[in-house]
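A.B. asks: Structure supplied as my_file_29.cif; contents: mmCIF, C-alpha atoms and all ligand atoms.
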```cif
data_model
loop_
_atom_site.label_atom_id
_atom_site.label_comp_id
_atom_site.auth_asym_id
_atom_site.auth_seq_id
_atom_site.Cartn_x
_atom_site.Cartn_y
_atom_site.Cartn_z
CA MET A 1 -11.27 -24.61 7.00
CA ASN A 2 -11.60 -28.25 6.04
CA VAL A 3 -8.12 -29.78 5.66
CA TYR A 4 -7.32 -33.45 5.07
CA TYR A 5 -4.41 -35.10 6.86
CA ASP A 6 -2.87 -38.58 6.91
CA HIS A 7 -5.61 -40.01 9.14
CA ASP A 8 -8.26 -38.88 6.63
CA ALA A 9 -6.67 -40.83 3.80
CA ASP A 10 -6.52 -44.59 3.22
CA LEU A 11 -3.74 -45.79 0.90
CA GLY A 12 -5.84 -48.93 0.39
CA PHE A 13 -7.88 -47.01 -2.20
CA ILE A 14 -4.85 -46.87 -4.49
CA ARG A 15 -2.40 -49.59 -3.47
CA ASP A 16 -4.08 -52.29 -5.55
CA LYS A 17 -4.34 -50.04 -8.57
CA LYS A 18 -1.76 -49.36 -11.24
CA VAL A 19 -0.90 -45.67 -11.54
CA ALA A 20 0.49 -44.36 -14.83
CA VAL A 21 2.41 -41.12 -14.32
CA LEU A 22 2.74 -39.42 -17.71
CA GLY A 23 5.86 -37.28 -17.85
CA TYR A 24 9.01 -37.35 -15.73
CA GLY A 25 9.70 -33.64 -15.39
CA SER A 26 9.37 -31.41 -12.35
CA GLN A 27 6.17 -32.96 -10.95
CA GLY A 28 6.37 -36.31 -12.76
CA HIS A 29 9.59 -37.56 -11.20
CA ALA A 30 8.43 -36.55 -7.72
CA HIS A 31 4.98 -38.17 -7.97
CA ALA A 32 6.33 -41.37 -9.53
CA LEU A 33 9.12 -41.86 -6.99
CA ASN A 34 7.02 -40.92 -3.94
CA LEU A 35 4.14 -43.20 -4.96
CA HIS A 36 6.56 -46.04 -5.69
CA GLU A 37 8.15 -45.69 -2.25
CA SER A 38 4.67 -45.57 -0.68
CA GLY A 39 4.06 -49.04 -2.13
CA VAL A 40 1.81 -47.98 -5.01
CA PRO A 41 2.45 -49.78 -8.34
CA VAL A 42 3.66 -47.15 -10.82
CA VAL A 43 4.48 -47.07 -14.50
CA VAL A 44 5.96 -43.93 -16.02
CA GLY A 45 4.66 -43.00 -19.50
CA LEU A 46 7.09 -41.21 -21.82
CA ARG A 47 7.61 -40.69 -25.51
CA PRO A 48 10.19 -43.01 -27.04
CA GLY A 49 13.54 -41.23 -27.28
CA SER A 50 12.96 -39.20 -24.10
CA ARG A 51 16.29 -38.77 -22.37
CA ARG A 52 14.40 -39.11 -19.10
CA TRP A 53 13.53 -42.72 -19.93
CA LYS A 54 16.87 -44.07 -18.66
CA GLN A 55 16.73 -41.76 -15.63
CA ALA A 56 13.38 -43.21 -14.56
CA GLU A 57 14.54 -46.77 -15.15
CA ALA A 58 17.76 -46.14 -13.21
CA ALA A 59 15.59 -44.96 -10.31
CA GLY A 60 13.89 -48.36 -10.30
CA LEU A 61 10.68 -47.43 -12.06
CA ALA A 62 8.86 -49.24 -14.87
CA VAL A 63 8.71 -47.11 -18.02
CA ALA A 64 6.57 -47.52 -21.14
CA PRO A 65 5.41 -45.43 -24.10
CA VAL A 66 2.45 -43.24 -23.12
CA ALA A 67 -0.18 -45.39 -24.89
CA GLU A 68 1.07 -48.60 -23.25
CA ALA A 69 1.36 -47.07 -19.81
CA VAL A 70 -2.22 -45.79 -20.08
CA ALA A 71 -3.55 -49.16 -21.25
CA GLN A 72 -2.14 -50.86 -18.12
CA ALA A 73 -3.39 -48.26 -15.68
CA ASP A 74 -6.39 -47.72 -13.40
CA VAL A 75 -5.24 -44.20 -12.54
CA VAL A 76 -3.61 -41.95 -15.14
CA MET A 77 -1.91 -38.81 -13.83
CA ILE A 78 -1.08 -36.33 -16.59
CA LEU A 79 2.12 -34.47 -15.70
CA LEU A 80 2.99 -33.15 -19.13
CA PRO A 81 3.33 -29.44 -19.94
CA ASP A 82 -0.21 -27.99 -19.97
CA GLU A 83 0.01 -26.89 -23.59
CA VAL A 84 0.70 -30.41 -24.92
CA GLN A 85 -1.83 -32.26 -22.75
CA ALA A 86 -4.85 -31.93 -25.06
CA ARG A 87 -3.01 -33.34 -28.07
CA VAL A 88 -1.40 -36.21 -26.15
CA TYR A 89 -4.79 -36.93 -24.56
CA ARG A 90 -6.48 -37.16 -27.97
CA GLU A 91 -3.77 -39.21 -29.62
CA ALA A 92 -2.46 -41.56 -26.95
CA VAL A 93 -4.49 -41.35 -23.74
CA GLU A 94 -8.22 -41.45 -24.53
CA PRO A 95 -8.08 -44.36 -27.02
CA ASN A 96 -6.25 -46.50 -24.44
CA LEU A 97 -7.98 -45.50 -21.20
CA LYS A 98 -9.68 -48.43 -19.48
CA GLU A 99 -13.41 -48.18 -18.91
CA GLY A 100 -13.95 -46.64 -15.48
CA ALA A 101 -10.36 -45.48 -15.01
CA ALA A 102 -9.40 -42.31 -13.13
CA LEU A 103 -8.01 -39.41 -15.14
CA VAL A 104 -5.96 -37.13 -12.92
CA PHE A 105 -4.31 -33.72 -13.12
CA ALA A 106 -2.04 -31.44 -11.09
CA HIS A 107 -3.56 -28.31 -12.64
CA GLY A 108 -7.10 -27.77 -13.92
CA PHE A 109 -6.48 -25.69 -17.06
CA ASN A 110 -7.30 -28.25 -19.75
CA VAL A 111 -10.41 -29.69 -18.12
CA HIS A 112 -11.76 -26.37 -16.85
CA PHE A 113 -11.37 -24.65 -20.20
CA GLY A 114 -12.72 -27.58 -22.20
CA GLN A 115 -9.50 -28.57 -23.98
CA ILE A 116 -9.91 -32.08 -22.57
CA ARG A 117 -13.48 -33.41 -22.33
CA PRO A 118 -13.31 -36.68 -20.40
CA ARG A 119 -15.70 -39.54 -21.15
CA ALA A 120 -18.59 -40.04 -18.72
CA ASP A 121 -17.28 -43.42 -17.47
CA LEU A 122 -14.13 -41.83 -16.01
CA ASP A 123 -13.40 -40.39 -12.60
CA VAL A 124 -11.68 -37.03 -13.03
CA TRP A 125 -9.86 -35.40 -10.12
CA MET A 126 -6.88 -33.29 -9.26
CA VAL A 127 -4.10 -33.40 -6.72
CA ALA A 128 -2.11 -30.19 -7.12
CA PRO A 129 0.96 -29.79 -4.90
CA LYS A 130 1.59 -26.18 -3.89
CA GLY A 131 5.31 -26.39 -4.58
CA PRO A 132 7.78 -27.35 -7.30
CA GLY A 133 8.51 -31.00 -7.97
CA HIS A 134 11.97 -31.06 -6.39
CA LEU A 135 10.41 -29.91 -3.10
CA VAL A 136 7.61 -32.51 -3.36
CA ARG A 137 10.38 -35.08 -3.65
CA SER A 138 12.81 -33.77 -1.01
CA GLU A 139 10.09 -33.16 1.60
CA TYR A 140 8.79 -36.69 1.09
CA GLN A 141 12.30 -38.05 1.57
CA ALA A 142 12.63 -36.02 4.75
CA GLY A 143 9.45 -37.65 6.12
CA ARG A 144 7.37 -34.53 5.52
CA GLY A 145 5.28 -33.28 2.61
CA VAL A 146 4.24 -30.28 0.55
CA PRO A 147 0.60 -29.13 0.98
CA ALA A 148 -1.69 -29.82 -1.96
CA LEU A 149 -5.14 -28.98 -3.29
CA VAL A 150 -7.65 -31.71 -4.08
CA ALA A 151 -10.68 -31.40 -6.38
CA VAL A 152 -13.15 -33.79 -7.95
CA HIS A 153 -14.54 -32.88 -11.37
CA GLN A 154 -16.31 -36.14 -12.17
CA ASP A 155 -17.15 -39.03 -9.82
CA ALA A 156 -18.32 -41.97 -11.92
CA SER A 157 -17.14 -44.63 -9.45
CA GLY A 158 -18.47 -42.97 -6.33
CA SER A 159 -15.01 -43.19 -4.74
CA ALA A 160 -13.17 -40.38 -6.50
CA LEU A 161 -12.47 -38.35 -3.34
CA PRO A 162 -11.07 -41.18 -1.18
CA THR A 163 -8.95 -42.31 -4.13
CA ALA A 164 -7.68 -38.77 -4.65
CA LEU A 165 -6.83 -38.51 -0.94
CA ALA A 166 -5.02 -41.86 -1.15
CA TYR A 167 -2.98 -40.48 -4.06
CA ALA A 168 -2.24 -37.34 -2.05
CA LYS A 169 -1.09 -39.54 0.81
CA GLY A 170 1.12 -41.53 -1.55
CA ILE A 171 3.03 -38.42 -2.59
CA GLY A 172 3.29 -37.20 1.02
CA ALA A 173 0.86 -34.29 0.74
CA THR A 174 -1.48 -35.36 3.56
CA ARG A 175 1.49 -35.18 5.95
CA ALA A 176 1.35 -31.41 5.42
CA GLY A 177 -2.37 -30.97 4.71
CA VAL A 178 -4.63 -31.13 1.67
CA ILE A 179 -7.18 -28.40 1.00
CA PRO A 180 -10.35 -29.07 -1.01
CA THR A 181 -11.09 -26.87 -4.01
CA THR A 182 -12.70 -27.06 -7.45
CA PHE A 183 -11.14 -27.16 -10.91
CA ALA A 184 -12.53 -23.66 -11.53
CA GLU A 185 -11.10 -22.17 -8.33
CA GLU A 186 -7.69 -23.80 -8.70
CA THR A 187 -7.31 -22.84 -12.35
CA GLU A 188 -8.59 -19.28 -12.14
CA THR A 189 -6.65 -18.37 -9.00
CA ASP A 190 -3.46 -19.98 -10.32
CA LEU A 191 -3.62 -17.96 -13.55
CA PHE A 192 -4.50 -14.78 -11.69
CA GLY A 193 -1.68 -15.17 -9.20
CA GLU A 194 0.98 -15.70 -11.82
CA GLN A 195 -0.30 -12.95 -14.12
CA ALA A 196 -1.17 -10.19 -11.69
CA VAL A 197 1.27 -10.69 -8.83
CA LEU A 198 3.92 -13.41 -8.92
CA CYS A 199 5.27 -13.24 -12.46
CA GLY A 200 3.62 -10.46 -14.45
CA GLY A 201 3.19 -7.99 -11.62
CA ALA A 202 6.55 -8.59 -9.95
CA SER A 203 8.55 -8.55 -13.22
CA GLN A 204 6.98 -5.32 -14.38
CA LEU A 205 7.46 -3.72 -10.97
CA VAL A 206 11.16 -4.62 -11.01
CA ALA A 207 11.61 -3.42 -14.60
CA TYR A 208 9.94 -0.04 -13.95
CA GLY A 209 11.93 0.44 -10.76
CA PHE A 210 15.18 -0.29 -12.61
CA GLU A 211 14.28 1.99 -15.53
CA THR A 212 13.30 4.83 -13.19
CA LEU A 213 16.69 4.73 -11.47
CA ILE A 214 18.87 4.46 -14.59
CA GLU A 215 16.86 7.14 -16.43
CA ALA A 216 17.59 9.40 -13.44
CA GLY A 217 21.31 8.76 -13.99
CA TYR A 218 22.05 6.20 -11.29
CA LYS A 219 24.42 3.33 -12.07
CA PRO A 220 22.70 0.22 -13.47
CA GLU A 221 24.77 -1.98 -11.13
CA ILE A 222 23.40 -0.21 -8.09
CA ALA A 223 19.87 -0.08 -9.48
CA TYR A 224 20.02 -3.84 -10.03
CA PHE A 225 20.92 -4.50 -6.40
CA GLU A 226 18.23 -2.20 -5.04
CA VAL A 227 15.25 -3.32 -7.12
CA LEU A 228 15.99 -6.92 -8.14
CA HIS A 229 18.63 -8.61 -6.04
CA GLU A 230 17.24 -7.51 -2.69
CA LEU A 231 13.71 -8.56 -3.60
CA LYS A 232 14.60 -12.06 -2.47
CA LEU A 233 15.33 -10.92 1.07
CA ILE A 234 11.91 -9.31 1.30
CA VAL A 235 10.08 -12.21 -0.32
CA ASP A 236 11.81 -14.66 2.02
CA LEU A 237 10.56 -12.66 4.99
CA MET A 238 7.00 -12.61 3.61
CA TYR A 239 7.23 -16.35 2.90
CA GLU A 240 8.29 -17.10 6.47
CA SER A 241 6.08 -14.65 8.37
CA GLY A 242 3.72 -12.77 6.09
CA LEU A 243 3.51 -9.04 5.41
CA ALA A 244 3.50 -8.21 9.14
CA GLY A 245 6.64 -10.29 9.78
CA MET A 246 8.42 -8.65 6.85
CA ARG A 247 7.50 -5.20 8.09
CA TYR A 248 8.67 -6.09 11.58
CA SER A 249 12.09 -7.13 10.27
CA ILE A 250 12.83 -4.16 8.02
CA SER A 251 14.01 -0.79 9.36
CA ASN A 252 11.46 1.74 10.61
CA THR A 253 12.46 3.99 7.71
CA ALA A 254 11.65 1.23 5.23
CA GLU A 255 8.41 0.43 7.02
CA TYR A 256 7.24 4.06 6.97
CA GLY A 257 8.15 4.35 3.27
CA ASP A 258 6.26 1.13 2.63
CA TYR A 259 2.99 2.37 4.16
CA THR A 260 3.13 5.87 2.71
CA ARG A 261 4.69 5.37 -0.75
CA GLY A 262 3.54 1.84 -1.66
CA PRO A 263 -0.04 2.99 -2.38
CA VAL A 264 1.35 5.89 -4.44
CA VAL A 265 3.10 3.45 -6.78
CA ILE A 266 0.45 0.74 -6.70
CA GLY A 267 -2.76 2.76 -6.47
CA PRO A 268 -6.40 1.65 -6.53
CA GLU A 269 -6.39 1.84 -10.33
CA VAL A 270 -4.03 -1.16 -10.29
CA LYS A 271 -6.68 -3.13 -8.43
CA GLU A 272 -9.22 -2.17 -11.09
CA ARG A 273 -6.86 -3.49 -13.77
CA MET A 274 -6.32 -6.66 -11.74
CA LYS A 275 -10.09 -7.14 -11.81
CA GLU A 276 -9.99 -6.82 -15.58
CA VAL A 277 -7.23 -9.46 -15.80
CA LEU A 278 -9.34 -11.72 -13.57
CA ARG A 279 -12.40 -11.17 -15.76
CA GLN A 280 -10.44 -12.23 -18.85
CA ILE A 281 -9.44 -15.40 -17.02
CA GLN A 282 -12.94 -16.17 -15.72
CA GLU A 283 -14.60 -15.63 -19.08
CA GLY A 284 -12.09 -17.82 -20.88
CA GLU A 285 -10.53 -15.00 -22.94
CA PHE A 286 -7.04 -15.70 -21.69
CA ALA A 287 -7.42 -19.45 -22.26
CA ARG A 288 -8.63 -18.92 -25.85
CA GLU A 289 -5.70 -16.59 -26.54
CA TRP A 290 -3.16 -19.06 -25.10
CA VAL A 291 -4.62 -22.03 -27.00
CA LEU A 292 -4.43 -20.03 -30.27
CA GLU A 293 -0.89 -18.91 -29.43
CA ASN A 294 0.12 -22.55 -29.14
CA GLN A 295 -1.58 -23.42 -32.40
CA ALA A 296 0.46 -20.60 -33.96
CA GLY A 297 3.73 -22.11 -32.69
CA GLN A 298 4.15 -19.69 -29.74
CA ALA A 299 5.17 -16.81 -31.99
CA VAL A 300 4.19 -14.08 -29.53
CA LEU A 301 5.93 -15.89 -26.68
CA GLU A 302 9.13 -16.07 -28.73
CA ALA A 303 8.92 -12.38 -29.66
CA LYS A 304 8.41 -11.38 -26.00
CA ARG A 305 11.39 -13.47 -24.93
CA HIS A 306 13.53 -11.77 -27.55
CA LYS A 307 12.37 -8.29 -26.55
CA TRP A 308 12.95 -8.85 -22.83
CA ALA A 309 16.42 -10.30 -23.48
CA GLN A 310 17.38 -6.82 -24.82
CA HIS A 311 16.34 -5.04 -21.60
CA PRO A 312 19.29 -3.25 -19.92
CA ILE A 313 18.64 -5.20 -16.71
CA GLU A 314 19.79 -8.32 -18.61
CA GLN A 315 23.06 -6.62 -19.58
CA VAL A 316 24.09 -5.83 -16.04
CA GLY A 317 22.59 -8.89 -14.33
CA PRO A 318 25.01 -11.59 -15.52
CA LYS A 319 28.05 -9.47 -14.56
CA LEU A 320 26.79 -8.92 -11.04
CA ARG A 321 25.68 -12.49 -10.53
CA ALA A 322 29.17 -13.62 -11.58
CA MET A 323 30.51 -11.60 -8.62
CA MET A 324 28.35 -13.71 -6.32
CA PRO A 325 29.20 -17.37 -6.82
CA PHE A 326 27.20 -18.09 -3.66
CA LEU A 327 24.08 -17.48 -5.75
CA LYS A 328 23.88 -21.01 -7.01
CA ALA A 329 21.44 -20.96 -9.95
CA HIS A 330 18.33 -22.77 -8.76
CA VAL A 331 16.86 -22.99 -12.24
CA SER A 332 17.88 -26.53 -13.00
CA GLU A 333 16.22 -28.37 -15.82
CA GLU A 334 13.96 -30.22 -13.40
CA ASP A 335 12.62 -26.96 -12.03
CA VAL A 336 11.88 -24.87 -15.06
CA GLY A 337 8.31 -26.11 -15.15
CA ASP A 338 5.36 -24.14 -13.95
CA ALA A 339 6.08 -23.68 -10.27
CA THR A 340 3.20 -21.29 -9.98
P1 LIG B 401 7.46 -30.49 -17.16
O1 LIG B 401 7.61 -29.48 -18.21
O2 LIG B 401 8.53 -30.57 -16.11
O3 LIG B 401 7.23 -31.95 -17.81
C1 LIG B 401 7.99 -32.39 -18.78
C2 LIG B 401 7.68 -33.87 -19.03
O4 LIG B 401 6.66 -33.97 -20.03
C3 LIG B 401 8.91 -34.53 -19.52
O5 LIG B 401 9.03 -35.83 -19.00
C4 LIG B 401 8.67 -34.57 -21.01
O6 LIG B 401 9.28 -35.66 -21.60
C5 LIG B 401 7.18 -34.79 -21.08
N1 LIG B 401 6.61 -34.38 -22.37
C6 LIG B 401 6.62 -33.15 -22.93
N2 LIG B 401 5.98 -33.19 -24.11
C7 LIG B 401 5.57 -34.46 -24.29
C8 LIG B 401 4.88 -35.13 -25.32
N3 LIG B 401 4.44 -34.47 -26.39
N4 LIG B 401 4.61 -36.45 -25.17
C9 LIG B 401 5.04 -37.12 -24.09
N5 LIG B 401 5.72 -36.54 -23.08
C10 LIG B 401 5.98 -35.24 -23.19
O7 LIG B 401 6.02 -30.32 -16.48
P2 LIG B 401 5.68 -29.90 -14.99
O8 LIG B 401 6.04 -31.01 -14.07
O9 LIG B 401 6.17 -28.53 -14.72
O10 LIG B 401 4.09 -29.79 -15.11
C11 LIG B 401 3.28 -30.93 -15.19
C12 LIG B 401 1.89 -30.56 -14.66
O11 LIG B 401 1.99 -30.23 -13.28
C13 LIG B 401 1.27 -29.36 -15.33
O12 LIG B 401 -0.11 -29.57 -15.42
C14 LIG B 401 1.57 -28.23 -14.37
O13 LIG B 401 0.64 -27.17 -14.45
C15 LIG B 401 1.42 -28.96 -13.06
N6 LIG B 401 2.10 -28.36 -11.91
C16 LIG B 401 3.44 -28.06 -11.99
C17 LIG B 401 4.10 -27.57 -10.91
C18 LIG B 401 5.58 -27.35 -10.96
O14 LIG B 401 6.14 -27.05 -9.92
N7 LIG B 401 6.28 -27.51 -12.05
C19 LIG B 401 3.40 -27.28 -9.63
C20 LIG B 401 2.04 -27.74 -9.62
C21 LIG B 401 1.42 -28.22 -10.75
P3 LIG B 401 10.64 -35.57 -22.48
O15 LIG B 401 11.68 -36.13 -21.58
O16 LIG B 401 10.33 -36.43 -23.64
O17 LIG B 401 10.85 -34.13 -22.84
MG MG B 402 18.13 -0.57 0.54
MG MG B 403 0.40 -21.77 -13.16
#
```
Since I need it in another form, could you write the structure as structure tokens?

C.D. replies:
Amino acid sequence: MNVYYDHDADLGFIRDKKVAVLGYGSQGHAHALNLHESGVPVVVGLRPGSRRWKQAEAAGLAVAPVAEAVAQADVVMILLPDEVQARVYREAVEPNLKEGAALVFAHGFNVHFGQIRPRADLDVWMVAPKGPGHLVRSEYQAGRGVPALVAVHQDASGSALPTALAYAKGIGATRAGVIPTTFAEETETDLFGEQAVLCGGASQLVAYGFETLIEAGYKPEIAYFEVLHELKLIVDLMYESGLAGMRYSISNTAEYGDYTRGPVVIGPEVKERMKEVLRQIQEGEFAREWVLENQAGQAVLEAKRHKWAQHPIEQVGPKLRAMMPFLKAHVSEEDVGDAT
């Protein structure tokens, strides 16, 4: 596998350029601060009235309204929520983008699905850290980095890739390793992962497990521990040492049950449905649905949130978590972005 490290990247490709980082949320604060400390000139673009404006200034960064930040910049990194990017691009970014500037993303959704159609004079590339913003920041501060993906969609200047690698170096990613990809691959696999496995698949698995136990008469408190709370222990083991390492660490009873009952619960028909979910992503069906949902004010999203808030697992959860003050809530405001 081709992986780029520090010695493959030359900060010189970006140090004389002005980088506008639009947004100061999960990714935005990390990129802006890491680049700044790597000696890259940075201006943060925000909407007037953003309560993050003062935060960015207090951290020593220049801040300007989005349109002004873009007008000053040679490289514009868009770190706004994906569903607002197309509108902000139309209204404040495109009209102010310098001829020949680089337009940059940390996720390919809007470019890949045609919500943003960049002018031909622009370089368009992506540096997508494979971790939440707070980790991109804390690893950089510790002298390390979070791995990232790099992709070039449009190379008008002829130096899009070295500039992208310089950016990746500026945020610390080449310390860990940067893997080349395409906008299509990054976007489609990201959506598939979160829908089929990480968020959709895991949430539904937990909910069905919980319902099965309480419908059989077991106490909700105990069901919660067995199917939700303990999931973290297993995921941590997978994270550190893969499926094999997890299976090595659990009891032999658990391991035998895993091999023999796992495929009973998650049978081959689930894989067929995963393929259908992937097809909807690849053919743009999911993207069209999500764009329409946003135009409709996220009505379905709101209804789903309301429905899930009524689930019995949400009645018992808060009580049990209150018994465990050592479970510091990790969902701070900086982190609620799209970590997947
Ligand atoms: P956040 O939701 O954390 O970003 C919020 C920022 O966007 C805030 O500064 C907010 O400003 C600003 N903002 C929101 N709406 C507007 C608007 N209409 N005009 C101007 N500014 C606005 O985003 P993330 O950091 O989670 O995501 C940014 C990008 O990074 C996305 O493309 C995402 O897919 C990608 N990504 C995210 C990862 C993550 O871990 N979160 C991981 C890898 C990629 P205000 O203070 O005014 O609200
Ligand atoms: Mg057990
Ligand atoms: Mg995602």

A.B. asks: Taking only residues of region 119-165 of chain A that have an atom at most 8 Å from an atom of region 30-34 of chain A, what is each one's shortest atom pair and its distance in Å to one decimal, using only C-alpha atoms, in chain and number order, as JSON lines?

C.D. replies:
```
{"residue": "A:Gly133", "atom": "CA", "partner": "A:Ala30", "partner_atom": "CA", "distance": 5.6}
{"residue": "A:His134", "atom": "CA", "partner": "A:Ala30", "partner_atom": "CA", "distance": 6.7}
{"residue": "A:Val136", "atom": "CA", "partner": "A:Ala30", "partner_atom": "CA", "distance": 6.0}
{"residue": "A:Arg137", "atom": "CA", "partner": "A:Ala30", "partner_atom": "CA", "distance": 4.7}
{"residue": "A:Tyr140", "atom": "CA", "partner": "A:Asn34", "partner_atom": "CA", "distance": 6.8}
```

A.B. asks: Step by step, measure atom-to-atom distances between ligand MG 402 (chain B) and each residue using all atoms listed in the file, keep those at most 9 Å, then write them as number ranges by chain.

C.D. replies: A: 225-227, 230, 254

A.B. asks: Using all atoms listed in the file, which residues sit within 9 Å of Tyr167 (chain A) once same-chain residues fewer than 2 positions away are excluded, as a VMD selection string?

C.D. replies: chain A and resid 9 11 13 to 14 35 40 127 162 to 165 169 to 173

A.B. asks: List the neighbours of region 141-152 of chain A out to 10 Å using all atoms listed in the file; skip same-chain residues closer than 3 positions along the sequence, and give me the result as an mmCIF file with C-alpha atoms, keeping the file's coordinate frame.

C.D. replies:
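Saved result, around-v6.cif, follows:
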```
data_model
loop_
_atom_site.group_PDB
_atom_site.id
_atom_site.type_symbol
_atom_site.label_atom_id
_atom_site.label_comp_id
_atom_site.auth_asym_id
_atom_site.auth_seq_id
_atom_site.Cartn_x
_atom_site.Cartn_y
_atom_site.Cartn_z
ATOM 1 C CA VAL A 3 -8.120 -29.780 5.660
ATOM 2 C CA TYR A 4 -7.320 -33.450 5.070
ATOM 3 C CA TYR A 5 -4.410 -35.100 6.860
ATOM 4 C CA LEU A 33 9.120 -41.860 -6.990
ATOM 5 C CA ASN A 34 7.020 -40.920 -3.940
ATOM 6 C CA GLU A 37 8.150 -45.690 -2.250
ATOM 7 C CA VAL A 104 -5.960 -37.130 -12.920
ATOM 8 C CA PHE A 105 -4.310 -33.720 -13.120
ATOM 9 C CA ALA A 106 -2.040 -31.440 -11.090
ATOM 10 C CA HIS A 107 -3.560 -28.310 -12.640
ATOM 11 C CA GLY A 108 -7.100 -27.770 -13.920
ATOM 12 C CA ASP A 123 -13.400 -40.390 -12.600
ATOM 13 C CA VAL A 124 -11.680 -37.030 -13.030
ATOM 14 C CA TRP A 125 -9.860 -35.400 -10.120
ATOM 15 C CA MET A 126 -6.880 -33.290 -9.260
ATOM 16 C CA VAL A 127 -4.100 -33.400 -6.720
ATOM 17 C CA ALA A 128 -2.110 -30.190 -7.120
ATOM 18 C CA PRO A 129 0.960 -29.790 -4.900
ATOM 19 C CA LYS A 130 1.590 -26.180 -3.890
ATOM 20 C CA GLY A 131 5.310 -26.390 -4.580
ATOM 21 C CA PRO A 132 7.780 -27.350 -7.300
ATOM 22 C CA GLY A 133 8.510 -31.000 -7.970
ATOM 23 C CA LEU A 135 10.410 -29.910 -3.100
ATOM 24 C CA VAL A 136 7.610 -32.510 -3.360
ATOM 25 C CA ARG A 137 10.380 -35.080 -3.650
ATOM 26 C CA SER A 138 12.810 -33.770 -1.010
ATOM 27 C CA ASP A 155 -17.150 -39.030 -9.820
ATOM 28 C CA ALA A 160 -13.170 -40.380 -6.500
ATOM 29 C CA LEU A 161 -12.470 -38.350 -3.340
ATOM 30 C CA ALA A 164 -7.680 -38.770 -4.650
ATOM 31 C CA LEU A 165 -6.830 -38.510 -0.940
ATOM 32 C CA TYR A 167 -2.980 -40.480 -4.060
ATOM 33 C CA ALA A 168 -2.240 -37.340 -2.050
ATOM 34 C CA LYS A 169 -1.090 -39.540 0.810
ATOM 35 C CA ILE A 171 3.030 -38.420 -2.590
ATOM 36 C CA GLY A 172 3.290 -37.200 1.020
ATOM 37 C CA ALA A 173 0.860 -34.290 0.740
ATOM 38 C CA THR A 174 -1.480 -35.360 3.560
ATOM 39 C CA ARG A 175 1.490 -35.180 5.950
ATOM 40 C CA ALA A 176 1.350 -31.410 5.420
ATOM 41 C CA GLY A 177 -2.370 -30.970 4.710
ATOM 42 C CA VAL A 178 -4.630 -31.130 1.670
ATOM 43 C CA ILE A 179 -7.180 -28.400 1.000
ATOM 44 C CA PRO A 180 -10.350 -29.070 -1.010
ATOM 45 C CA THR A 181 -11.090 -26.870 -4.010
ATOM 46 C CA THR A 182 -12.700 -27.060 -7.450
ATOM 47 C CA PHE A 183 -11.140 -27.160 -10.910
ATOM 48 C CA ALA A 184 -12.530 -23.660 -11.530
ATOM 49 C CA GLU A 185 -11.100 -22.170 -8.330
ATOM 50 C CA GLU A 186 -7.690 -23.800 -8.700
#
```

A.B. asks: Return as JSON, numbers by chain the residues of protein, DNA or RNA that approach ligand MG 403 (chain B) to within 12 Å, with all atoms listed in the file taken into account.

C.D. replies: {"A": [81, 82, 83, 106, 107, 108, 109, 128, 129, 130, 131, 132, 186, 187, 188, 189, 190, 191, 192, 193, 194, 195, 196, 197, 198, 199, 200, 337, 338, 339, 340]}

A.B. asks: Tell me which of A:Arg15, A:Arg47, A:His229, A:Arg247 sits closest to ligand LIG 401 (chain B), counting all atoms listed in the file.

C.D. replies: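 Of A:Arg15, A:Arg47, A:His229, A:Arg247, the one nearest ligand LIG 401 (chain B) is A:Arg47, counting all atoms listed in the file.
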
A.B. asks: For a test of reading the model, state the distance in Å between CA of Pro118 (chain A) and atom O9 of ligand LIG 401 (chain B), rounded to one decimal.

C.D. replies: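 Pair CA of Pro118 (chain A) / atom O9 of ligand LIG 401 (chain B) returns 21.9 Å.
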
A.B. asks: My structure is short of atoms at region 158-165 of chain A; please model N, CA and C atoms there, returning them as a PDB file, in the frame of the given file.

C.D. replies:
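The resulting out.pdb:
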```pdb
ATOM      1  N   GLY A 158     -17.987 -43.225  -7.677  1.00  0.00           N
ATOM      2  CA  GLY A 158     -18.470 -42.970  -6.330  1.00  0.00           C
ATOM      3  C   GLY A 158     -17.360 -42.944  -5.290  1.00  0.00           C
ATOM      4  N   SER A 159     -16.119 -43.233  -5.703  1.00  0.00           N
ATOM      5  CA  SER A 159     -15.010 -43.190  -4.740  1.00  0.00           C
ATOM      6  C   SER A 159     -13.867 -42.294  -5.216  1.00  0.00           C
ATOM      7  N   ALA A 160     -14.215 -41.264  -5.977  1.00  0.00           N
ATOM      8  CA  ALA A 160     -13.170 -40.380  -6.500  1.00  0.00           C
ATOM      9  C   ALA A 160     -12.418 -39.671  -5.362  1.00  0.00           C
ATOM     10  N   LEU A 161     -13.161 -39.120  -4.386  1.00  0.00           N
ATOM     11  CA  LEU A 161     -12.470 -38.350  -3.340  1.00  0.00           C
ATOM     12  C   LEU A 161     -11.546 -39.219  -2.490  1.00  0.00           C
ATOM     13  N   PRO A 162     -12.013 -40.365  -1.962  1.00  0.00           N
ATOM     14  CA  PRO A 162     -11.070 -41.180  -1.180  1.00  0.00           C
ATOM     15  C   PRO A 162      -9.872 -41.667  -2.008  1.00  0.00           C
ATOM     16  N   THR A 163     -10.080 -41.906  -3.297  1.00  0.00           N
ATOM     17  CA  THR A 163      -8.950 -42.310  -4.130  1.00  0.00           C
ATOM     18  C   THR A 163      -7.979 -41.148  -4.320  1.00  0.00           C
ATOM     19  N   ALA A 164      -8.523 -39.958  -4.508  1.00  0.00           N
ATOM     20  CA  ALA A 164      -7.680 -38.770  -4.650  1.00  0.00           C
ATOM     21  C   ALA A 164      -6.878 -38.530  -3.367  1.00  0.00           C
ATOM     22  N   LEU A 165      -7.540 -38.710  -2.212  1.00  0.00           N
ATOM     23  CA  LEU A 165      -6.830 -38.510  -0.940  1.00  0.00           C
ATOM     24  C   LEU A 165      -5.751 -39.581  -0.749  1.00  0.00           C
TER      25      LEU A 165
END
```
